[in-house]
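Trainee: Take this structure first; my questions come after.
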There are 2 protein chains.
Amino acid sequence: MPSDAIRAALIERLRLSSAIADEDIKEIEALPISVRHYPAETAVVRDGERATDCCLIADGFCARSKTIANGKRQILSLHIPGEIPDLMSLFLHVMDHDLSTLTPATLGFISHETLQKLHRRRPGIAELFWRDTLIDAAMFREWIVNVGQRPAPARLAHVMIELRERLRVIGRVDGGNFEMPLTQEQIGEALGITAVHANRVIRQLRQEGIVELNRGRVTVLDERKFQELADFDDRYLHQSPTL
Amino acid sequence: MPSDAIRAALIERLRLSSAIADEDIKEIEALPISVRHYPAETAVVRDGERATDCCLIADGFCARSKTIANGKRQILSLHIPGEIPDLMSLFLHVMDHDLSTLTPATLGFISHETLQKLHRRRPGIAELFWRDTLIDAAMFREWIVNVGQRPAPARLAHVMIELRERLRVIGRVDGGNFEMPLTQEQIGEALGITAVHANRVIRQLRQEGIVELNRGRVTVLDERKFQELADFDDRYLHQSPTL
DNA sequence: GCCCGGTTCCAACAAAAGTTAAGGACGCGA
DNA sequence: TCGCGTCCTTAACTTTTGTTGGAACCGGGC
């Protein structure tokens with residue numbers, strides 16, 4: 001993938017949640033990006049490491065996670081093309097969590113130095129990126145609610161719909177059908193349940209004719225029931241630049 | 001409380017996690033702040049509302065929370081004097097959660113307009129505040145892990161130690177003794193468990209001689225066991241400006 | 001084709017957490 | 001001082017989730 005296409009994905013996504021000045025777009029288009037390919041299930045940056053670049057997902061899925069003393073892992077967020085999952089490292093230099101690929105992925109790296117300079121030159125872009133990190137935080141808040149208050153089937157439905165609504169924006173939803181390339185183990189880690197229970201929940205939703213999950217693809221069977229179960233309100237994604 | 005003291009608390013806290021230029025301190029000291037008093041258990045800003053100011057806690061405890069369709073509430077974070085719990089509203093104008101007082105509180109309001117202008121004039125301050133919102137997000141990540149992966153007793157211990165380490169910075173810890181002014185109902189909402197179960201867990205920790213919780217005060221009985229249970233690593237608080 | 005490792009799937013049992021219900025402590029205001 | 005409301009406390013019972021262990025499936029490499 002040419003690095004132009006990468007930039008385009010970023011701009012398209014930013015545009016969705018913020019209004020951007022034309023000159024700022026030109027600046028973003030001129031950003032030096034170095035592209036690297038990763039296999040599936042590979043660490044990009046690890047908890048405790050000091051980051052010097054931010055990475056823009058050009059292709060593939062990534063996830064952020066933390067592992068605690070007893071070895072259990074919690075997935076904190078899923079990330080799709082056009083996103084910068086470790087933008088926070090710009091000011092929180094030493095990582096407090098892991099960022100890794102779920103699928104084979106193409107990532108574009110932009111150095112912190114370049115970004116810092118750009119921000120000083122164009123405060124509008126700084127605000128754009130700042131807002132992006134704030135939306136990131138808003139998603140964490142909803143994730144807390146999901147894990148803390150919803151029963152397991154609703155948790156799964158909610159994560160699915162969040163992912164779908166974000167994929168929709170980048171044109172990756174085909175009817176009631178979209179990608180969610182996680183193993184049941186990983187789904188458990190995302191929902192705060194065990195893999196065995198994740199399997200039970202998936203089976204239950206399939207048996208109830210709500211949603212089907214098969215080899216990393218989600219197929220919605222009954223949209224009404226699905227939405228009702230998920231209790232999803234997209235406001236927290238802040239996808240509208242209208243404020 | 002005079003509004004000077006409020007500013008001092010903010011600066012002291014920011015200083016702890018970032019290096020600040022002297023002129024920037026002067027700017028912050030010159031910020032116009034309007035002070036207001038709130039009773040306990042009162043909403044400051046509500047989910048869905050459009051905020052025009054950010055609020056700085058001068059005195060008292062606050063909490064952020066979200067309430068879902070079935071009426072269950074999840075507490076997302078606790079806030080103490082010197083913090084700006086709704087800084088995110090600067091760029092995410094319509095609130096996606098509630099901010100309310102836990103105790104009677106004194107809050108200082110700073111208008112978004114003032115802050116925006118200040119940021120354009122002094123990018124260093126913008127970065128300071130940006131970093132502050134990133135630490136906020138780091139705390140949400142840890143909260144997800146807490147609710148998602150730790151058994152209930154460890155969750156409680158972890159929230160307690162997080163609160164203690166933050167209170168310590170503002171000189172509010174007296175030996176093994178600090179304030180945590182939540183009802184058991186609220187503790188349950190913070191940990192993602194019911195009030196009944198929260199009570200069970202509190203009792204258990206008391207019986208095991210680990211920690212005592214009495215009328216909003218925490219008394220640590222066995223520091224070693226307490227830390228071991230909590231599995232607490234303060235890195236995510238990013239309290240050191242050394243990066 | 002066949003083996004191999006990682007998934008998926010499932011059942012039986014154990015543990016953790018939710019629900020319901022009710023008594024007791026405590027502070028506050030009439 | 002009494003009465004009321006809020007919070008705390010506890011018990012008994014139910015439901016959800018975790019644990020263990022194993023079988024079936026699937027894709028890739030030999």
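Here's how to read the names in the structure tokens: chain A, B, ... by the order shown, residue numbers from 1 in each chain, ligand numbers from 1 in the order shown.
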Output the contact residues of chain D with respect to chain A at a cut-off of 12 Å, based on only C-alpha atoms (C1' of nucleotides), as a list in words.
Mentor: DT15, DT16, DT17, DG18, DT19, DT20, DC26 and DG27 of chain D
Trainee: Could the residues in this selection be saved with C-alpha atoms (C1' of nucleotides) as a CSV table (one decimal), in the first residue's frame?
Mentor:
chain,number,residue,atom,x,y,z
D,15,DT,C1',-27.9,-17.1,38.5
D,16,DT,C1',-23.9,-16.3,36.2
D,17,DT,C1',-19.4,-17.2,35.4
D,18,DG,C1',-15.0,-19.9,36.1
D,19,DT,C1',-12.6,-24.5,35.9
D,20,DT,C1',-11.4,-28.7,34.2
D,26,DC,C1',-9.8,-27.0,10.4
D,27,DG,C1',-5.9,-25.3,7.9
Trainee: Pull out every residue of chain A sitting within 8 Å of chain B, counting only C-alpha atoms, and send them as a compact mmCIF listing (two decimals) with all heavy atoms, in the first residue's frame.
Mentor:
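Produced file out12.txt, reproduced below:
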# COMPACT_ATOMS: atom_id res chain seq x y z
N LYS A 66 -3.62 -4.81 28.33
CA LYS A 66 -2.75 -4.81 29.50
C LYS A 66 -2.77 -6.21 30.10
O LYS A 66 -3.81 -6.87 30.11
CB LYS A 66 -3.25 -3.83 30.56
CG LYS A 66 -3.05 -2.38 30.21
CD LYS A 66 -3.46 -1.45 31.34
CE LYS A 66 -2.27 -1.10 32.21
NZ LYS A 66 -2.44 0.25 32.84
N ILE A 68 -1.95 -8.38 33.61
CA ILE A 68 -1.69 -8.18 35.03
C ILE A 68 -0.85 -9.31 35.61
O ILE A 68 -0.52 -10.27 34.91
CB ILE A 68 -2.99 -7.99 35.84
CG1 ILE A 68 -3.87 -9.23 35.80
CG2 ILE A 68 -3.75 -6.79 35.33
CD1 ILE A 68 -5.12 -9.11 36.66
N ALA A 69 -0.49 -9.14 36.87
CA ALA A 69 0.47 -10.03 37.53
C ALA A 69 0.11 -11.50 37.37
O ALA A 69 0.97 -12.33 37.10
CB ALA A 69 0.59 -9.67 39.00
N LYS A 72 -3.39 -12.71 33.50
CA LYS A 72 -4.61 -12.43 32.74
C LYS A 72 -4.42 -11.18 31.90
O LYS A 72 -3.77 -10.23 32.31
CB LYS A 72 -5.80 -12.24 33.68
CG LYS A 72 -6.29 -13.53 34.32
CD LYS A 72 -7.55 -13.26 35.13
CE LYS A 72 -7.80 -14.29 36.20
NZ LYS A 72 -8.47 -15.50 35.73
N ARG A 73 -5.04 -11.19 30.73
CA ARG A 73 -4.90 -10.08 29.81
C ARG A 73 -6.26 -9.42 29.59
O ARG A 73 -7.27 -10.11 29.49
CB ARG A 73 -4.37 -10.61 28.47
CG ARG A 73 -3.82 -9.53 27.56
CD ARG A 73 -3.06 -10.17 26.40
NE ARG A 73 -3.96 -10.52 25.33
CZ ARG A 73 -3.86 -10.04 24.08
NH1 ARG A 73 -2.88 -9.22 23.75
NH2 ARG A 73 -4.72 -10.40 23.17
N GLN A 74 -6.28 -8.11 29.53
CA GLN A 74 -7.51 -7.39 29.22
C GLN A 74 -7.30 -6.60 27.95
O GLN A 74 -6.37 -5.79 27.87
CB GLN A 74 -7.89 -6.44 30.36
CG GLN A 74 -9.08 -5.54 30.05
CD GLN A 74 -10.40 -6.29 29.95
OE1 GLN A 74 -10.71 -7.13 30.79
NE2 GLN A 74 -11.19 -6.01 28.91
N LEU A 76 -8.26 -3.59 25.67
CA LEU A 76 -8.80 -2.28 26.01
C LEU A 76 -9.54 -1.63 24.85
O LEU A 76 -10.42 -0.80 25.05
CB LEU A 76 -7.65 -1.35 26.42
CG LEU A 76 -6.75 -1.87 27.54
CD1 LEU A 76 -5.46 -1.07 27.58
CD2 LEU A 76 -7.49 -1.80 28.86
N MET A 88 -1.36 8.68 22.05
CA MET A 88 -1.09 9.10 23.43
C MET A 88 0.40 9.09 23.77
O MET A 88 0.84 9.81 24.64
CB MET A 88 -1.86 8.26 24.44
CG MET A 88 -1.98 6.77 24.20
SD MET A 88 -0.42 5.83 24.24
CE MET A 88 0.04 6.03 25.95
N PHE A 91 2.80 12.31 24.36
CA PHE A 91 3.09 13.00 25.63
C PHE A 91 3.23 12.06 26.81
O PHE A 91 3.66 12.46 27.88
CB PHE A 91 2.01 14.05 25.91
CG PHE A 91 2.01 15.15 24.91
CD1 PHE A 91 1.00 15.27 23.98
CD2 PHE A 91 3.06 16.07 24.87
CE1 PHE A 91 1.02 16.28 23.02
CE2 PHE A 91 3.09 17.07 23.92
CZ PHE A 91 2.06 17.18 23.00
N LEU A 92 2.82 10.79 26.61
CA LEU A 92 3.02 9.79 27.66
C LEU A 92 4.06 8.81 27.10
O LEU A 92 3.74 7.72 26.67
CB LEU A 92 1.71 9.05 27.92
CG LEU A 92 0.85 9.44 29.12
CD1 LEU A 92 0.97 10.89 29.47
CD2 LEU A 92 -0.58 9.05 28.91
N HIS A 93 5.30 9.24 27.15
CA HIS A 93 6.33 8.55 26.38
C HIS A 93 6.50 7.09 26.74
O HIS A 93 6.67 6.25 25.87
CB HIS A 93 7.65 9.30 26.48
CG HIS A 93 7.53 10.72 26.07
ND1 HIS A 93 7.70 11.13 24.77
CD2 HIS A 93 7.20 11.82 26.75
CE1 HIS A 93 7.50 12.43 24.69
NE2 HIS A 93 7.19 12.88 25.89
N VAL A 94 6.48 6.77 28.02
CA VAL A 94 6.63 5.35 28.30
C VAL A 94 5.27 4.68 28.38
O VAL A 94 4.37 5.11 29.09
CB VAL A 94 7.55 5.05 29.54
CG1 VAL A 94 7.92 6.29 30.29
CG2 VAL A 94 7.01 3.97 30.40
N ASP A 96 2.03 2.47 28.87
CA ASP A 96 1.46 1.80 30.03
C ASP A 96 0.61 0.60 29.58
O ASP A 96 -0.15 0.05 30.37
CB ASP A 96 0.64 2.78 30.87
CG ASP A 96 -0.43 3.49 30.07
OD1 ASP A 96 -1.08 2.84 29.23
OD2 ASP A 96 -0.63 4.70 30.27
N ARG A 120 3.28 22.85 16.75
CA ARG A 120 3.67 24.23 17.06
C ARG A 120 3.38 25.15 15.88
O ARG A 120 2.99 26.29 16.04
CB ARG A 120 5.17 24.30 17.40
CG ARG A 120 5.55 23.61 18.70
CD ARG A 120 4.97 24.34 19.91
NE ARG A 120 5.11 23.57 21.13
CZ ARG A 120 5.65 24.02 22.26
NH1 ARG A 120 6.08 25.26 22.35
NH2 ARG A 120 5.72 23.24 23.32
N PRO A 123 -1.53 25.02 15.17
CA PRO A 123 -2.29 24.65 16.37
C PRO A 123 -3.62 23.96 16.05
O PRO A 123 -4.11 23.15 16.83
CB PRO A 123 -2.55 26.00 17.07
CG PRO A 123 -1.70 26.99 16.39
CD PRO A 123 -1.21 26.44 15.10
N GLU A 127 -5.12 20.58 17.82
CA GLU A 127 -6.45 20.41 18.40
C GLU A 127 -7.19 19.21 17.81
O GLU A 127 -7.92 18.51 18.50
CB GLU A 127 -7.27 21.70 18.20
CG GLU A 127 -6.75 22.81 19.07
CD GLU A 127 -7.56 24.09 18.95
OE1 GLU A 127 -8.56 24.11 18.20
OE2 GLU A 127 -7.18 25.08 19.60
N TRP A 130 -5.65 16.28 19.38
CA TRP A 130 -6.06 16.27 20.80
C TRP A 130 -7.47 15.71 20.89
O TRP A 130 -7.75 14.79 21.66
CB TRP A 130 -5.99 17.69 21.37
CG TRP A 130 -6.23 17.78 22.86
CD1 TRP A 130 -6.70 16.80 23.69
CD2 TRP A 130 -5.98 18.93 23.69
NE1 TRP A 130 -6.76 17.27 24.98
CE2 TRP A 130 -6.33 18.57 25.01
CE3 TRP A 130 -5.52 20.23 23.44
CZ2 TRP A 130 -6.23 19.46 26.08
CZ3 TRP A 130 -5.42 21.13 24.51
CH2 TRP A 130 -5.77 20.74 25.81
N ARG A 131 -8.33 16.24 20.05
CA ARG A 131 -9.71 15.74 20.04
C ARG A 131 -9.75 14.23 19.78
O ARG A 131 -10.53 13.50 20.38
CB ARG A 131 -10.54 16.48 18.99
CG ARG A 131 -11.99 16.03 18.93
CD ARG A 131 -12.83 16.93 18.01
NE ARG A 131 -13.96 16.19 17.47
CZ ARG A 131 -15.20 16.24 17.95
NH1 ARG A 131 -15.47 17.00 18.98
NH2 ARG A 131 -16.16 15.52 17.40
N THR A 133 -7.54 12.02 20.64
CA THR A 133 -7.20 11.29 21.87
C THR A 133 -8.35 11.38 22.89
O THR A 133 -8.51 10.48 23.71
CB THR A 133 -5.91 11.82 22.53
OG1 THR A 133 -6.08 13.18 22.94
CG2 THR A 133 -4.73 11.72 21.60
N LEU A 134 -9.13 12.44 22.80
CA LEU A 134 -10.26 12.56 23.72
C LEU A 134 -11.37 11.57 23.35
O LEU A 134 -12.06 11.03 24.21
CB LEU A 134 -10.81 13.99 23.73
CG LEU A 134 -9.87 15.03 24.33
CD1 LEU A 134 -10.47 16.43 24.18
CD2 LEU A 134 -9.59 14.74 25.80
N ILE A 135 -11.53 11.34 22.06
CA ILE A 135 -12.51 10.35 21.61
C ILE A 135 -12.05 8.96 22.03
O ILE A 135 -12.85 8.13 22.47
CB ILE A 135 -12.71 10.44 20.08
CG1 ILE A 135 -13.36 11.78 19.72
CG2 ILE A 135 -13.59 9.28 19.58
CD1 ILE A 135 -13.47 12.06 18.24
N ASP A 136 -10.77 8.75 21.92
CA ASP A 136 -10.18 7.51 22.40
C ASP A 136 -10.59 7.29 23.87
O ASP A 136 -11.05 6.21 24.25
CB ASP A 136 -8.65 7.66 22.30
CG ASP A 136 -7.92 6.33 22.33
OD1 ASP A 136 -8.32 5.43 21.59
OD2 ASP A 136 -6.95 6.21 23.09
N ALA A 137 -10.43 8.32 24.68
CA ALA A 137 -10.79 8.22 26.10
C ALA A 137 -12.29 7.97 26.27
O ALA A 137 -12.70 7.20 27.15
CB ALA A 137 -10.38 9.49 26.84
N ALA A 138 -13.10 8.59 25.42
CA ALA A 138 -14.56 8.39 25.50
C ALA A 138 -14.88 6.92 25.24
O ALA A 138 -15.79 6.35 25.86
CB ALA A 138 -15.27 9.29 24.49
N PHE A 140 -12.89 4.42 25.90
CA PHE A 140 -12.50 3.69 27.10
C PHE A 140 -13.61 3.77 28.15
O PHE A 140 -13.92 2.79 28.82
CB PHE A 140 -11.22 4.24 27.72
CG PHE A 140 -9.98 3.94 26.92
CD1 PHE A 140 -9.01 4.91 26.74
CD2 PHE A 140 -9.77 2.68 26.36
CE1 PHE A 140 -7.86 4.64 26.01
CE2 PHE A 140 -8.62 2.41 25.64
CZ PHE A 140 -7.66 3.39 25.46
N ARG A 141 -14.21 4.94 28.28
CA ARG A 141 -15.27 5.08 29.28
C ARG A 141 -16.41 4.12 28.98
O ARG A 141 -16.91 3.44 29.86
CB ARG A 141 -15.81 6.53 29.30
CG ARG A 141 -14.86 7.52 29.95
CD ARG A 141 -15.54 8.86 30.21
NE ARG A 141 -15.78 9.65 29.02
CZ ARG A 141 -14.90 10.49 28.48
NH1 ARG A 141 -13.71 10.67 29.04
NH2 ARG A 141 -15.20 11.18 27.40
N TRP A 143 -16.21 1.42 27.37
CA TRP A 143 -15.69 0.06 27.54
C TRP A 143 -15.79 -0.33 29.03
O TRP A 143 -16.11 -1.47 29.37
CB TRP A 143 -14.25 -0.02 27.03
CG TRP A 143 -13.75 -1.39 26.66
CD1 TRP A 143 -13.26 -2.35 27.50
CD2 TRP A 143 -13.67 -1.96 25.33
NE1 TRP A 143 -12.88 -3.46 26.78
CE2 TRP A 143 -13.12 -3.25 25.45
CE3 TRP A 143 -14.00 -1.49 24.06
CZ2 TRP A 143 -12.88 -4.08 24.35
CZ3 TRP A 143 -13.77 -2.31 22.97
CH2 TRP A 143 -13.23 -3.60 23.11
N ILE A 144 -15.51 0.63 29.90
CA ILE A 144 -15.65 0.38 31.34
C ILE A 144 -17.10 0.01 31.66
O ILE A 144 -17.36 -0.96 32.38
CB ILE A 144 -15.25 1.63 32.17
CG1 ILE A 144 -13.77 1.91 32.04
CG2 ILE A 144 -15.64 1.44 33.65
CD1 ILE A 144 -13.33 3.24 32.69
N VAL A 145 -18.02 0.79 31.12
CA VAL A 145 -19.43 0.52 31.37
C VAL A 145 -19.80 -0.87 30.87
O VAL A 145 -20.49 -1.64 31.54
CB VAL A 145 -20.32 1.57 30.67
CG1 VAL A 145 -21.79 1.20 30.79
CG2 VAL A 145 -20.06 2.95 31.24
N VAL A 147 -17.91 -3.57 30.39
CA VAL A 147 -17.35 -4.64 31.19
C VAL A 147 -17.92 -4.63 32.61
O VAL A 147 -18.10 -5.68 33.23
CB VAL A 147 -15.81 -4.51 31.21
CG1 VAL A 147 -15.20 -5.43 32.24
CG2 VAL A 147 -15.25 -4.82 29.83
N GLY A 148 -18.23 -3.43 33.10
CA GLY A 148 -18.68 -3.33 34.48
C GLY A 148 -20.15 -3.62 34.70
O GLY A 148 -20.52 -4.16 35.75
N GLN A 149 -20.99 -3.28 33.75
CA GLN A 149 -22.43 -3.32 34.03
C GLN A 149 -23.27 -4.23 33.16
O GLN A 149 -24.38 -4.57 33.54
CB GLN A 149 -23.02 -1.90 33.98
CG GLN A 149 -22.45 -0.95 35.02
CD GLN A 149 -22.71 -1.39 36.45
OE1 GLN A 149 -23.61 -2.17 36.71
NE2 GLN A 149 -21.90 -0.91 37.38
N LEU A 191 -14.01 -8.87 26.73
CA LEU A 191 -15.25 -8.73 27.50
C LEU A 191 -15.05 -8.96 28.99
O LEU A 191 -15.99 -8.79 29.78
CB LEU A 191 -16.29 -9.73 26.98
CG LEU A 191 -16.61 -9.68 25.49
CD1 LEU A 191 -17.73 -10.66 25.16
CD2 LEU A 191 -17.01 -8.27 25.05
N GLY A 192 -13.85 -9.37 29.37
CA GLY A 192 -13.62 -9.65 30.79
C GLY A 192 -14.26 -10.95 31.23
O GLY A 192 -14.72 -11.08 32.36
N ILE A 193 -14.31 -11.94 30.33
CA ILE A 193 -14.82 -13.27 30.68
C ILE A 193 -13.83 -14.31 30.15
O ILE A 193 -12.90 -13.98 29.42
CB ILE A 193 -16.22 -13.52 30.06
CG1 ILE A 193 -16.15 -13.43 28.53
CG2 ILE A 193 -17.24 -12.55 30.61
CD1 ILE A 193 -17.47 -13.67 27.84
N ASP A 231 -27.78 -2.28 23.61
CA ASP A 231 -28.00 -1.03 24.33
C ASP A 231 -26.99 0.00 23.85
O ASP A 231 -26.30 0.64 24.64
CB ASP A 231 -27.85 -1.31 25.84
CG ASP A 231 -27.96 -0.06 26.69
OD1 ASP A 231 -28.75 0.82 26.33
OD2 ASP A 231 -27.23 0.03 27.69
N ARG A 235 -23.42 8.12 20.63
CA ARG A 235 -22.95 9.48 20.97
C ARG A 235 -21.50 9.51 21.43
O ARG A 235 -20.75 10.43 21.13
CB ARG A 235 -23.85 10.11 22.02
CG ARG A 235 -25.00 10.91 21.42
CD ARG A 235 -25.72 11.73 22.46
NE ARG A 235 -26.06 10.95 23.64
CZ ARG A 235 -25.56 11.19 24.84
NH1 ARG A 235 -24.71 12.18 25.02
NH2 ARG A 235 -25.93 10.43 25.85
N TYR A 236 -21.11 8.48 22.18
CA TYR A 236 -19.75 8.49 22.74
C TYR A 236 -18.66 8.40 21.68
O TYR A 236 -17.49 8.67 21.96
CB TYR A 236 -19.59 7.37 23.77
CG TYR A 236 -19.44 5.98 23.20
CD1 TYR A 236 -18.18 5.44 22.96
CD2 TYR A 236 -20.55 5.22 22.87
CE1 TYR A 236 -18.04 4.16 22.45
CE2 TYR A 236 -20.43 3.94 22.36
CZ TYR A 236 -19.17 3.42 22.15
OH TYR A 236 -19.04 2.16 21.63
N HIS A 238 -18.55 10.33 19.16
CA HIS A 238 -18.34 11.72 18.76
C HIS A 238 -17.98 11.82 17.28
O HIS A 238 -17.02 12.49 16.91
CB HIS A 238 -17.25 12.37 19.63
CG HIS A 238 -17.61 12.42 21.08
ND1 HIS A 238 -18.32 13.45 21.64
CD2 HIS A 238 -17.39 11.55 22.10
CE1 HIS A 238 -18.51 13.23 22.94
NE2 HIS A 238 -17.95 12.06 23.24
N LEU A 243 -19.87 19.38 16.77
CA LEU A 243 -19.59 19.45 18.21
C LEU A 243 -20.54 18.47 18.85
O LEU A 243 -20.99 18.50 19.84
CB LEU A 243 -19.78 20.83 18.85
CG LEU A 243 -19.62 22.11 18.05
CD1 LEU A 243 -19.63 23.26 19.04
CD2 LEU A 243 -18.32 22.15 17.28
Trainee: Excluding A:Arg217 and its own-chain neighbours fewer than 6 positions away, which residues fall within 7 Å of it when counting only C-alpha atoms (C1' of nucleotides)? Please give them as a VMD selection string.
Mentor: chain A and resid 177 to 181
Trainee: With only C-alpha atoms (C1' of nucleotides) considered, list every residue of chain C at most 10 Å from chain B, as a JSON list (two decimals) with N, CA and C atoms (P, O5', C5', C4', C3', O3' and C1' of nucleotides), in the first residue's frame.
Mentor:
[["chain", "number", "residue", "atom", "x", "y", "z"],
["C", 16, "DA", "P", -14.29, -18.05, 44.83],
["C", 16, "DA", "O5'", -15.21, -17.06, 43.96],
["C", 16, "DA", "C5'", -14.90, -16.88, 42.60],
["C", 16, "DA", "C4'", -15.94, -15.96, 42.01],
["C", 16, "DA", "C3'", -16.20, -14.70, 42.84],
["C", 16, "DA", "O3'", -16.16, -13.62, 41.94],
["C", 16, "DA", "C1'", -18.24, -15.87, 42.46],
["C", 17, "DA", "P", -16.43, -12.11, 42.44],
["C", 17, "DA", "O5'", -17.99, -11.95, 42.18],
["C", 17, "DA", "C5'", -18.45, -11.98, 40.84],
["C", 17, "DA", "C4'", -19.95, -11.89, 40.85],
["C", 17, "DA", "C3'", -20.51, -10.67, 41.59],
["C", 17, "DA", "O3'", -21.28, -9.92, 40.68],
["C", 17, "DA", "C1'", -21.65, -12.66, 42.22],
["C", 18, "DG", "P", -22.33, -8.82, 41.10],
["C", 18, "DG", "O5'", -23.72, -9.62, 41.09],
["C", 18, "DG", "C5'", -24.22, -10.07, 39.83],
["C", 18, "DG", "C4'", -25.67, -10.48, 39.96],
["C", 18, "DG", "C3'", -26.61, -9.39, 40.50],
["C", 18, "DG", "O3'", -27.85, -9.52, 39.79],
["C", 18, "DG", "C1'", -26.65, -11.26, 41.95],
["C", 19, "DT", "P", -29.10, -8.57, 40.10],
["C", 19, "DT", "O5'", -29.94, -9.38, 41.17],
["C", 19, "DT", "C5'", -30.38, -10.69, 40.86],
["C", 19, "DT", "C4'", -31.40, -11.14, 41.89],
["C", 19, "DT", "C3'", -32.33, -10.03, 42.40],
["C", 19, "DT", "O3'", -33.65, -10.53, 42.25],
["C", 19, "DT", "C1'", -31.30, -11.17, 44.23]]
Trainee: Set the distance at 12 Å and use only C-alpha atoms (C1' of nucleotides): which residues neighbour B:Leu167 once local chain neighbours fewer than 6 positions away are removed? I'd like the list as a tab-separated table (two decimals) with C-alpha atoms, in the first residue's frame.
Mentor:
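Result file result_5.tsv:
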chain	number	residue	atom	x	y	z
B	13	ARG	CA	-0.54	18.95	40.70
B	60	GLY	CA	-14.33	18.01	47.96
B	61	PHE	CA	-14.63	14.77	46.02
B	78	LEU	CA	-12.98	9.54	41.30
B	79	HIS	CA	-11.68	13.09	41.48
B	80	ILE	CA	-9.95	15.09	44.17
B	81	PRO	CA	-8.92	18.71	44.69
B	82	GLY	CA	-6.56	20.14	42.07
B	83	GLU	CA	-8.05	18.08	39.23
B	160	MET	CA	-8.25	2.34	47.25
B	161	ILE	CA	-4.55	2.42	46.49
B	173	VAL	CA	-2.79	10.95	53.44
B	174	ASP	CA	-2.19	10.59	57.13
B	175	GLY	CA	-0.15	7.42	57.67
B	176	GLY	CA	-2.30	4.45	56.75
B	177	ASN	CA	-5.36	6.59	56.77
B	178	PHE	CA	-7.17	8.51	54.07
B	179	GLU	CA	-10.58	9.62	52.88
B	180	MET	CA	-12.76	7.63	50.52
Trainee: Could you please write out, as number ranges by chain, every residue of stretch 114-206 of chain B that DSSP assigns to alpha helix (DSSP H)?
Mentor: B: 114-121, 123-149, 152-169, 184-191, 195-206
Trainee: Write down as a PyMOL selection string the residues of stretch 15-224 of chain B whose backbone DSSP state falls under strand (DSSP E or B).
Mentor: chain B and resi 34-38+43-45+50+53-59+62-67+73-79+94+98-101+105-111+177-179+211-214+217-220
Trainee: Can you list, as a list in words, every protein, DNA or RNA residue that comes within 12 Å of stretch 2-4 of chain D when you count only C-alpha atoms (C1' of nucleotides), leaving out same-chain residues fewer than 3 positions away?
Mentor: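 Listed by chain and then number, they are DC26, DG27, DC28, DG29 and DA30 of chain C.
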Trainee: Calculated over only C-alpha atoms (C1' of nucleotides), which of the candidates A:Thr183, A:Thr42, A:Ser17, A:Asn199 has the smallest distance to C:DC9?
Mentor: A:Asn199
Trainee: To one decimal place, how far is atom CA of A:Leu107 from atom CA of A:Ile57 in Å?
Mentor: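 According to the coordinates, atom CA of A:Leu107 and atom CA of A:Ile57 are separated by 4.7 Å.
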Trainee: If you measure from atom CA of B:Arg155 to atom CA of B:Ile187, what distance in Å do you get, rounded to one decimal?
Mentor: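 Rounded to one decimal, the two atoms are 10.1 Å apart.
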Trainee: Considering only C-alpha atoms (C1' of nucleotides), state which residue in the set D:DG28, D:DG22, D:DA11, D:DT1 is at the smallest distance from C:DA21.
Mentor: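 Closest to C:DA21, using only C-alpha atoms (C1' of nucleotides): D:DA11.
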